[in-house]
Amino acid sequence: MLFFGGDYNPEQWPEEVWAEDVALMRQAGVTVVSLGVFAWSHVEPEQGRFDFGLLDRIMDRLHEGGIKVALATPTASPPPWFTLAHPEGLPVTADGVRLTHGSRDTYCVSAPAYRAAARTVAAELAARYARHPALALWHVHNEYGTDCRCDLTAAAFRGWLAKRHGDLDALNEAWTTAFWSQRYSDWAQIMPPRATQYLPNPAHVLDFRRFLSDEFLGAFVEQRDLLRTANPDIPITTNFVQGGWVSVDHARWAAEVDLIAVDHYPAEAGDGAEAETAFGGDLARGWAAAGPGEWLLMETAPNLIYTPGRMHAKEPGRLTRHSLNYVARGSRGAMYFQWRQPRGGAELFHSALVPHAGPDSPVFREAIGLGRKLGALSDLVGGTVAARVAIGWDAPSWWALQGGGLPSAEIDYRAAVRQAHRAFYRSGIATDFVFPGLDGFAARLRAYRIVVLPHLYLVSDVAADAIRDFVAGGGHLVVGPLSGIADPAGRIRLGGYPGAFRDVLGVRVVEWRPLASGDGIALDDGDRATGWSERVETAGAATVVRYAGDVLAGAPAITRNRFGEGSAWYVSVGLDDDGWRRVLDRVAAEAGVTPVLPGLPPRVEAVRRGDLLFLFNHGDVPVSVPLPGADPATVPPGGVATHPLG
Amino acid sequence: MLFFGGDYNPEQWPEEVWAEDVALMRQAGVTVVSLGVFAWSHVEPEQGRFDFGLLDRIMDRLHEGGIKVALATPTASPPPWFTLAHPEGLPVTADGVRLTHGSRDTYCVSAPAYRAAARTVAAELAARYARHPALALWHVHNEYGTDCRCDLTAAAFRGWLAKRHGDLDALNEAWTTAFWSQRYSDWAQIMPPRATQYLPNPAHVLDFRRFLSDEFLGAFVEQRDLLRTANPDIPITTNFVQGGWVSVDHARWAAEVDLIAVDHYPAEAGDGAEAETAFGGDLARGWAAAGPGEWLLMETAPNLIYTPGRMHAKEPGRLTRHSLNYVARGSRGAMYFQWRQPRGGAELFHSALVPHAGPDSPVFREAIGLGRKLGALSDLVGGTVAARVAIGWDAPSWWALQGGGLPSAEIDYRAAVRQAHRAFYRSGIATDFVFPGLDGFAARLRAYRIVVLPHLYLVSDVAADAIRDFVAGGGHLVVGPLSGIADPAGRIRLGGYPGAFRDVLGVRVVEWRPLASGDGIALDDGDRATGWSERVETAGAATVVRYAGDVLAGAPAITRNRFGEGSAWYVSVGLDDDGWRRVLDRVAAEAGVTPVLPGLPPRVEAVRRGDLLFLFNHGDVPVSVPLPGADPATVPPGGVATHPLG
Amino acid sequence: MLFFGGDYNPEQWPEEVWAEDVALMRQAGVTVVSLGVFAWSHVEPEQGRFDFGLLDRIMDRLHEGGIKVALATPTASPPPWFTLAHPEGLPVTADGVRLTHGSRDTYCVSAPAYRAAARTVAAELAARYARHPALALWHVHNEYGTDCRCDLTAAAFRGWLAKRHGDLDALNEAWTTAFWSQRYSDWAQIMPPRATQYLPNPAHVLDFRRFLSDEFLGAFVEQRDLLRTANPDIPITTNFVQGGWVSVDHARWAAEVDLIAVDHYPAEAGDGAEAETAFGGDLARGWAAAGPGEWLLMETAPNLIYTPGRMHAKEPGRLTRHSLNYVARGSRGAMYFQWRQPRGGAELFHSALVPHAGPDSPVFREAIGLGRKLGALSDLVGGTVAARVAIGWDAPSWWALQGGGLPSAEIDYRAAVRQAHRAFYRSGIATDFVFPGLDGFAARLRAYRIVVLPHLYLVSDVAADAIRDFVAGGGHLVVGPLSGIADPAGRIRLGGYPGAFRDVLGVRVVEWRPLASGDGIALDDGDRATGWSERVETAGAATVVRYAGDVLAGAPAITRNRFGEGSAWYVSVGLDDDGWRRVLDRVAAEAGVTPVLPGLPPRVEAVRRGDLLFLFNHGDVPVSVPLPGADPATVPPGGVATHPLG
């Protein structure tokens, strides 16, 4: 069965609407709904008083309708009574402002009172529903991520630091507290990063984000273990949300969930949404591979794309293309936020399968067709995507590159990773993600011919060794700027950039030369360096592309080094999308890595999952796609076709 | 007598300047000054000690000079001693920061200590001056609007909510607290909107603004009643200030004042200032019609236009044109902030009739001429402006459209209303404002042939019925996007937009499609949709204009529905000024609504008040204006002419 | 000996690096390092426990290597233990947020506990090192400037105000507290500027900045006197940092230091960095002239230019040109932040002589060459720069023009001063700075033929008299807009702008007419007014340039007045760089002021210090520069040449 459904909030509606809901779900082929994500104030209207009437009735009704339930523990949004009972359980900003209820996520994950209240409500739900026949999945909490800087957090942070660093000397060393007279002489002096006079210590900030990730994970594990005890047969997950502000290292969490669940909201209005969908699916598959094996699109917007300050309605067919694209990349289905658009609340215009206009609407009609397609695919899809290319992803490097003292405010970790991914995407080459911070990284690399490391700013010796071995063993490595610069504590690897990869790349960088917006330097292959340049000295590497202007004229911009049986490319400059694609196409050719399906017409995308080929026509004219050993497939404009292979 | 004068602050000047002030006022024909607006710290230099020496002397001196006084209660700006005596009377931000004196308006209107102090000083002034021969008007407070989120405010807010909603169940229902687990189980849990983790509940925010409006009104009424007791013959007002941040629903206040007084500062530097002047005057006349009948321009900047970050000096003649334009639109006169430009303080460059340069200056010379003109008009003007067109204005809709979860951050309530007003303004058609939130709305509509509802987001069933009856009875209705969407609590009217007006418009909107800045969609009449588009299905209406491109090609953009004896237009798209004017000109033609004076030369404006026609030449060449049954009038460049009619 | 070196932080490095440091310093010809600036947490690891082991060893090692030490008192960055011991010693924002350690500069200069801790550590250092043979200079604190609004600051502020104003009546008068009912009736009511409801009182803000300057100075003097007692032979300084947010009136401090030390970081990426270097050097020389006579570039970035959001690597040779330019303009040497680039901390990418790449790098190689050049110059340079032109600089005017109620948000004091300086710079004319706020201003003016006053918004009667006498005695004065407007308290000088200079300029301005960005008005000399225009009436002055358009057409834009033996120009408009240069070239010609060296090729700069001529070739081709009575000098591209004169 493929999951198809969305967040369902019957508590927002009178019960007479519920019957229509279940009927419409059946009409659309919905198989699973997420229930109870924000139901705490209904389930426990006063502290310690539980009322399961609503959930009982809707669980039964859904079961009768043949709809499965991903039941949430509602701990992401404590009710207003929690604020008055436990003000110390509310989050506090870096400025010391204690936030109040009135939105969602108003909790401090380190507050014992919050943790106890969360365990209590989760245990009550487990006791009541763990063996309910509709229950298919536990959905713990929602999008962990609430940052807090309070004194309770400070105490927990100190405990975490003591475990990580052992003693204060080691911490002082790791954080370079000698800089600006920050040497700690007592654990009690260590605070979460709070408002201070000037720039904070980046190692302090980085460790705080790692701490938060582990602290959230602790809160998840606590609930998970309690739910598992109630019924070991029900898989348990929590939905991952991305964003530069989210202090969760998902790769490290992967092994702790039974299913990777991702909330993914592409944020580019035009064709970019398709490339971003592919990125989100591939990254989720990477986490699955590092953990439970399976993943699921838990939330996306059915009919809207959100760019800053604007909601864009999708064109007809796009909901279907996006949804099937996630499935093609390995998702167990496609779920949405949300089933029915609410009448009020902060997100009253957030997208839904049943919009304000009701089922007589384009989005619900498209949902019916999509449900039919997913039903038909249920028995056909299986296995995963096979890729010979992997891109490195590292949450701590992302966090480290969000600081204020960097050579350029335009350094953007996620954009750099996405650019490399987009190059392969545009060339039709399947791409995985790997996580240099995980145990077993070296072994994972053996599956690939090409590894790309964009902005892998922090790297451990172990990971650097794994990369070196990968190349020595015949792999093809491509390193972009700002990789291998620092150790995991954020201390620079001295002697020339990129410290961790100087030997495998055969280069030594003696100077960074960030470029101003709009500036650029011509390269001798006709391309153009933008945003970033470096003074590179080769130390064994061959120069592939040189600067053709500026004070760097004649100096290396892109190099290639033979290292053992493999080759290691260094792309020291900022390039546009076409530039990156040219470099990576060349590496792919050298490595013998080919597209999923060669010779695709423009704006057509091919993804192979197991033995099923998916063809996506993102253009507005019908296309004919040549297939191996078969007649060409015709894909209508904006449409999707599938074709069994092997 | 027409009011002509301004805020006068003799406390800022040594007494030797006062003699010059009165002499210059007489020279300029000043009739009234606003006195004492910021005089609290002079009148009551220490708590409970009153010193009326200054006011006594200047009141007498003004009286001797034949100048009338609009005497202010100085309660908008408590003195520094108030802060130390009653720190709980200071405003607190959403972040919990208690503000300090050092500017103005540092009060919490819900703090009993502040209210008591305000009553005391008002009572002392009443006792002393209520029968002073110079007194013409009480000017209570100044520009009510200071927002506070303190615990005293919280208590008052809860009381107000209990009155509005009755019980917590009703409040939970009205606010859709089922969303995000916000259900309140005790009144004590309800706070003013304070800093929270993520988006606030929009219904909560909206009700808080309504509460503030009523809370300010309570403070006004308290002073008003006390002043009225002292001398029932003196009219009482308070000056209304506009701005998206001001939580005052002026239409609801209209019945509580004896004269509508408006502070109006056009904020467009070029010709836009003229259209904005017209808008401000027409809106003030609307409030007057809903209340005491009369209105007065209490403050504008004589010689400057303020745009963000810049003061623009007016061209010669513009002070006169602006001032007479307010009078033409019904004002009892023209008053300014301020009489004499101060030597220091936060607004030391704010415009004045007597600038830093002194009376030997262009602005004072123009003031002399203007005073002469106003004196000459005193006996000629009377009555009001007769309009057959009304535009809906609704402060709560404005507030509701300032939230964060809307489909587009470019939604701008005031801009939408102004665009409709500007279309009629440019066509020379007199326009009124009506207030769908007031009792008696249905009756008010009977005066009009055309009603336009731009962005009337919130609408009650009663108001929607009134609109329906207006059309059924033969009226011409024009509805713009984002009207009729929600009930007064902000809950969406389901089943298709615009819920409240689907039947009268004969349409059903199944999807909003906001457009990105710079994007646009061609329409089949040659116009272009920008900013906003919708998927409209007709249900009885005729399609007047269709989309000529995009996925909406062929779908309706503008429709017209016969309904009863009238017609109802739906303009579902964003249009530029010319586009709106074309639509409204067509409706006007259909409704038989004609300009004040047809065939005006470019940049010439005609306004008729009672039997007097005002002609404004905003251009830089002399114009000849044909008059009905009379020789053409010649108006010099930048000049104004008047002509008696009927 | 010329100073050559930088901030040296051995506490950041293991001792094995120290040996390399000293060897590299010797290789580069380093003569002095700044030591211990951020060493407090090493020197006093717990309150009251001092550990001088590290400093002892490095002082001795440097001495053995022949390197002198500018030893810092580390009081700019209290260690974390200080926060816990004395939370009241931390700074508090205007919002009431008490900042925490974790960065640097977390102190309240008015807190007795902080002042005591600072005195203690300074005294300990003095006791131990005052007679160390390596000690060449005391470097007190670092870049004074931490703003605090706490209650301790409030108390100190009141004391300072009582001294400045005498009594509350005088303060109320000076601050125009009659505006907005701000009259103080008790000293206890006066606070530092804190978060308030609306615009603050500008006189309040201005006096608070003056207070801070004096408060910082008090803290400096306290340490200075203590160090001087320990060894009267060692000169004492503190490094001045500039920036609009820094509340230090350096001109007033000049007499209190034994050597002016400046931190100067040009912030323009292109050729502008050269003009900014010249500006920084000339301004520092001005302070030196007002105080100890000598000055030193204490910090600049060796290899980077910082623009907002980006670090720009310098081109080869630019480090040398910039460094020698400061020396040419009078600096006792060239020092840098920093010697060795750190591995961690908030500024881990801040520029250094020994970068992350190590000594085998372009920057260290250039440093070696520069060290050699400075060594060769040591016996040749001396004396100072002789200039016949002076520009007025006034920190309080800068502060006053940062407020919110000004006619244009684009008013930029420093930009206006820099524009006048840049005009002379581009014409090759040596320029000094003078300080109208200092005693002895009148006497200082006698040295000059031309004085330029850009945006000298505040001016005392004494200074205005000095200016008048300067012109009467034959001087050439050029006044720009916004000069002479207010008295030192910020009260407008009434009767027409520019109040203080109306008579000497022979004009009267009756109206300001700021121009919107992008707008401009043609002038009759072909130039164009941008940003600013005024309605000027002449009262004796001759009109030099008139407006050729706008409502001001025909009115004076630039005037020239004969006054006594001299002439006074009023430039009432905003001009671009070329426009200012044309005006000032004309004044220079009239005044007989000539360039340092006439007939220079483009992009070549000549500076004369004492009898040594420096020639800077900022272009990329070799140039031949004609010399008086000698063969032409050839300067290579990007190079510097020196030539002995007289």
# chains A, B, ... in the order shown; residues from 1 in each chain; ligands from 1

$ interface_residues --of "chain A" --to "chain B" --cutoff "7 Å" --atoms "only C-alpha atoms" --output "NGL selection string"
:A and (11-12 or 38-41 or 45-46 or 77-81 or 84 or 97 or 99-106 or 309-313 or 315 or 343-347 or 349 or 356-358 or 361)

$ select_by_dssp --residues "range 342-442 of chain A" --states "strand (DSSP E)" --output "list of chain:residue names"
A:Val389, A:Ala390, A:Ile391, A:Gly392, A:Thr431, A:Asp432, A:Phe433, A:Val434

$ write_last_selection --atoms "N, CA and C atoms" --output "compact mmCIF listing (two decimals), in the first residue's frame"
# COMPACT_ATOMS: atom_id res chain seq x y z
N VAL A 389 26.47 8.11 -8.13
CA VAL A 389 26.99 9.42 -7.74
C VAL A 389 26.47 9.75 -6.35
N ALA A 390 27.31 10.30 -5.52
CA ALA A 390 26.85 10.73 -4.19
C ALA A 390 27.38 12.13 -3.89
N ILE A 391 26.53 12.90 -3.23
CA ILE A 391 26.92 14.25 -2.78
C ILE A 391 26.97 14.22 -1.26
N GLY A 392 27.98 14.86 -0.70
CA GLY A 392 28.10 14.90 0.75
C GLY A 392 27.16 15.94 1.36
N THR A 431 21.31 10.52 -8.34
CA THR A 431 22.24 11.03 -7.34
C THR A 431 21.79 10.65 -5.94
N ASP A 432 22.71 10.16 -5.14
CA ASP A 432 22.43 9.89 -3.73
C ASP A 432 23.08 10.96 -2.85
N PHE A 433 22.76 10.89 -1.57
CA PHE A 433 23.47 11.71 -0.59
C PHE A 433 24.18 10.82 0.42
N VAL A 434 25.36 11.25 0.83
CA VAL A 434 26.11 10.54 1.88
C VAL A 434 26.47 11.54 2.97

$ residues_around --residues "Arg329 in chain C" --least-positions-apart "5" --cutoff "8 Å" --atoms "only C-alpha atoms" --output "list in words"
Ala278, Gly281, Asp282, Arg285, Thr384, Val385, Val607, Arg608 and Arg609 of chain C

$ residues_around --residues "Trp245 in chain B" --least-positions-apart "2" --cutoff "9 Å" --atoms "only C-alpha atoms" --output "list in words"
Gly145, Asp147, Gln242, Gly243, Ser247 and Trp399 of chain B

$ select_by_dssp --residues "range 94-311 of chain B" --states "alpha helix (DSSP H)" --output "MDAnalysis selection string"
chainID B and resid 112:129 151:165 168:174 202:230 250:253 272:289

$ write_last_selection --atoms "C-alpha atoms" --output "mmCIF file, in the first residue's frame"
data_model
loop_
_atom_site.group_PDB
_atom_site.id
_atom_site.type_symbol
_atom_site.label_atom_id
_atom_site.label_comp_id
_atom_site.auth_asym_id
_atom_site.auth_seq_id
_atom_site.Cartn_x
_atom_site.Cartn_y
_atom_site.Cartn_z
ATOM 1 C CA PRO B 112 -6.058 52.708 36.595
ATOM 2 C CA ALA B 113 -3.295 55.030 37.763
ATOM 3 C CA TYR B 114 -3.006 56.555 34.302
ATOM 4 C CA ARG B 115 -6.733 56.908 33.903
ATOM 5 C CA ALA B 116 -7.000 58.587 37.302
ATOM 6 C CA ALA B 117 -4.164 60.996 36.549
ATOM 7 C CA ALA B 118 -5.756 61.837 33.201
ATOM 8 C CA ARG B 119 -9.135 62.496 34.778
ATOM 9 C CA THR B 120 -7.552 64.698 37.406
ATOM 10 C CA VAL B 121 -5.738 66.987 35.023
ATOM 11 C CA ALA B 122 -8.742 67.164 32.695
ATOM 12 C CA ALA B 123 -10.992 68.072 35.611
ATOM 13 C CA GLU B 124 -8.641 70.812 36.747
ATOM 14 C CA LEU B 125 -8.583 72.295 33.271
ATOM 15 C CA ALA B 126 -12.356 72.074 33.008
ATOM 16 C CA ALA B 127 -12.792 73.786 36.320
ATOM 17 C CA ARG B 128 -10.545 76.629 35.289
ATOM 18 C CA TYR B 129 -11.290 77.227 31.622
ATOM 19 C CA ASP B 151 -0.906 42.484 32.709
ATOM 20 C CA LEU B 152 -3.314 45.335 33.435
ATOM 21 C CA THR B 153 -4.171 45.370 29.762
ATOM 22 C CA ALA B 154 -4.601 41.605 29.913
ATOM 23 C CA ALA B 155 -7.169 41.962 32.670
ATOM 24 C CA ALA B 156 -9.090 44.615 30.762
ATOM 25 C CA PHE B 157 -8.914 42.553 27.594
ATOM 26 C CA ARG B 158 -10.418 39.541 29.359
ATOM 27 C CA GLY B 159 -13.290 41.670 30.601
ATOM 28 C CA TRP B 160 -13.943 42.967 27.125
ATOM 29 C CA LEU B 161 -13.800 39.475 25.662
ATOM 30 C CA ALA B 162 -16.233 38.147 28.230
ATOM 31 C CA LYS B 163 -18.671 40.827 27.158
ATOM 32 C CA ARG B 164 -18.139 40.175 23.455
ATOM 33 C CA HIS B 165 -18.171 36.392 23.469
ATOM 34 C CA LEU B 168 -15.090 30.547 26.708
ATOM 35 C CA ASP B 169 -16.735 28.034 24.394
ATOM 36 C CA ALA B 170 -17.944 30.837 22.195
ATOM 37 C CA LEU B 171 -14.540 32.483 22.265
ATOM 38 C CA ASN B 172 -12.812 29.204 21.394
ATOM 39 C CA GLU B 173 -15.215 28.779 18.515
ATOM 40 C CA ALA B 174 -14.829 32.347 17.262
ATOM 41 C CA PRO B 202 -5.229 36.163 13.673
ATOM 42 C CA ALA B 203 -8.596 36.232 15.441
ATOM 43 C CA HIS B 204 -6.810 36.866 18.718
ATOM 44 C CA VAL B 205 -4.883 39.749 17.199
ATOM 45 C CA LEU B 206 -8.007 41.161 15.565
ATOM 46 C CA ASP B 207 -10.034 41.102 18.759
ATOM 47 C CA PHE B 208 -7.177 42.748 20.618
ATOM 48 C CA ARG B 209 -7.266 45.643 18.187
ATOM 49 C CA ARG B 210 -11.019 45.965 18.575
ATOM 50 C CA PHE B 211 -10.519 45.901 22.336
ATOM 51 C CA LEU B 212 -7.926 48.661 22.150
ATOM 52 C CA SER B 213 -10.269 50.817 20.097
ATOM 53 C CA ASP B 214 -12.986 50.426 22.705
ATOM 54 C CA GLU B 215 -10.537 50.929 25.552
ATOM 55 C CA PHE B 216 -9.321 54.202 24.063
ATOM 56 C CA LEU B 217 -12.893 55.226 23.461
ATOM 57 C CA GLY B 218 -13.686 54.562 27.116
ATOM 58 C CA ALA B 219 -10.837 56.842 28.128
ATOM 59 C CA PHE B 220 -12.111 59.545 25.777
ATOM 60 C CA VAL B 221 -15.704 59.294 26.953
ATOM 61 C CA GLU B 222 -14.570 59.593 30.568
ATOM 62 C CA GLN B 223 -12.906 62.916 29.825
ATOM 63 C CA ARG B 224 -15.641 64.083 27.507
ATOM 64 C CA ASP B 225 -18.357 63.597 30.086
ATOM 65 C CA LEU B 226 -16.392 65.443 32.680
ATOM 66 C CA LEU B 227 -15.746 68.374 30.327
ATOM 67 C CA ARG B 228 -19.358 68.453 29.204
ATOM 68 C CA THR B 229 -20.516 68.687 32.786
ATOM 69 C CA ALA B 230 -18.338 71.752 33.274
ATOM 70 C CA HIS B 250 -12.968 55.822 13.800
ATOM 71 C CA ALA B 251 -16.345 55.047 12.282
ATOM 72 C CA ARG B 252 -17.465 53.593 15.613
ATOM 73 C CA TRP B 253 -16.183 56.672 17.432
ATOM 74 C CA GLY B 272 -0.316 61.870 -5.552
ATOM 75 C CA ALA B 273 -0.571 64.304 -2.658
ATOM 76 C CA GLU B 274 -3.592 65.884 -4.313
ATOM 77 C CA ALA B 275 -5.386 62.543 -4.710
ATOM 78 C CA GLU B 276 -4.523 61.711 -1.125
ATOM 79 C CA THR B 277 -5.843 65.046 0.095
ATOM 80 C CA ALA B 278 -9.115 64.304 -1.643
ATOM 81 C CA PHE B 279 -9.208 60.852 -0.087
ATOM 82 C CA GLY B 280 -8.564 62.171 3.412
ATOM 83 C CA GLY B 281 -11.233 64.812 3.086
ATOM 84 C CA ASP B 282 -13.846 62.432 1.690
ATOM 85 C CA LEU B 283 -13.156 59.841 4.383
ATOM 86 C CA ALA B 284 -13.454 62.446 7.140
ATOM 87 C CA ARG B 285 -16.754 63.591 5.624
ATOM 88 C CA GLY B 286 -17.875 59.959 5.786
ATOM 89 C CA TRP B 287 -17.158 59.848 9.502
ATOM 90 C CA ALA B 288 -18.965 63.130 9.973
ATOM 91 C CA ALA B 289 -21.997 61.753 8.158
#

$ closest_residue --among "A:Phe240, A:Trp295, A:Phe614, A:Tyr448" --to "Val381 in chain A" --atoms "only C-alpha atoms"
A:Phe614

$ residues_around --residues "range 478-481 of chain B" --least-positions-apart "2" --cutoff "6 Å" --atoms "only C-alpha atoms" --output "list in words"
Val452, Leu453, Pro454, His455, Ser483, Ala568, Trp569, Tyr570, Val571 and Ser572 of chain B

$ residues_around --residues "range 628-630 of chain B" --least-positions-apart "6" --cutoff "10 Å" --atoms "only C-alpha atoms" --output "ChimeraX atom specification"
/B:597-598,643,645-646

$ atom_distance --atom1 "CA of Val140 in chain B" --atom2 "CA of Thr237 in chain B"
6.1 Å

$ residues_around --residues "Val587 in chain B" --least-positions-apart "5" --cutoff "10 Å" --atoms "only C-alpha atoms" --output "compact mmCIF listing (two decimals) with C-alpha atoms, in the first residue's frame"
# COMPACT_ATOMS: atom_id res chain seq x y z
CA ARG B 449 -26.31 54.67 -7.16
CA ILE B 450 -22.92 52.93 -6.97
CA HIS B 476 -24.81 49.15 -8.91
CA LEU B 477 -22.28 47.16 -6.92
CA VAL B 478 -18.59 46.67 -7.69
CA SER B 567 -26.21 44.91 -11.31
CA ALA B 568 -23.22 43.51 -9.49
CA TRP B 569 -19.72 43.56 -10.91
CA ARG B 581 -10.81 53.76 -13.98
CA ARG B 582 -12.03 52.10 -17.17
CA GLY B 592 -26.04 57.54 -14.85
CA VAL B 593 -23.52 59.00 -12.46

$ closest_residue --among "C:Pro637, C:Leu377, C:Ser427, C:Ser397" --to "Arg414 in chain C" --atoms "only C-alpha atoms"
C:Ser397

$ closest_residue --among "B:Asn561, B:Thr307, B:Thr93, B:Gln27" --to "Arg149 in chain B" --atoms "only C-alpha atoms"
B:Thr93

$ closest_residue --among "B:Leu71, B:Cys148, B:Ile305, B:Ala19" --to "Ile236 in chain B" --atoms "only C-alpha atoms"
B:Leu71

$ atom_distance --atom1 "CA of Gly48 in chain B" --atom2 "CA of Lys68 in chain B"
28.3 Å

$ decode --residues "range 436-454 of chain C" --atoms "C-alpha atoms" --output "short mmCIF file (atom, residue, chain, number, x, y, z; two decimals), in the first residue's frame"
data_model
loop_
_atom_site.label_atom_id
_atom_site.label_comp_id
_atom_site.auth_asym_id
_atom_site.auth_seq_id
_atom_site.Cartn_x
_atom_site.Cartn_y
_atom_site.Cartn_z
CA PRO C 436 35.72 73.68 16.15
CA GLY C 437 34.78 72.24 19.52
CA LEU C 438 38.27 72.58 21.02
CA ASP C 439 39.76 75.44 22.94
CA GLY C 440 42.29 77.27 20.84
CA PHE C 441 40.35 76.76 17.65
CA ALA C 442 40.77 80.38 16.61
CA ALA C 443 44.53 80.17 16.97
CA ARG C 444 44.70 76.96 14.99
CA LEU C 445 42.92 78.56 12.05
CA ARG C 446 45.73 81.06 11.56
CA ALA C 447 47.82 78.35 9.91
CA TYR C 448 45.44 78.00 6.98
CA ARG C 449 44.41 79.78 3.82
CA ILE C 450 41.25 77.74 3.30
CA VAL C 451 38.79 76.28 5.79
CA VAL C 452 35.94 74.00 4.72
CA LEU C 453 32.99 73.25 6.98
CA PRO C 454 30.81 70.39 5.73
#
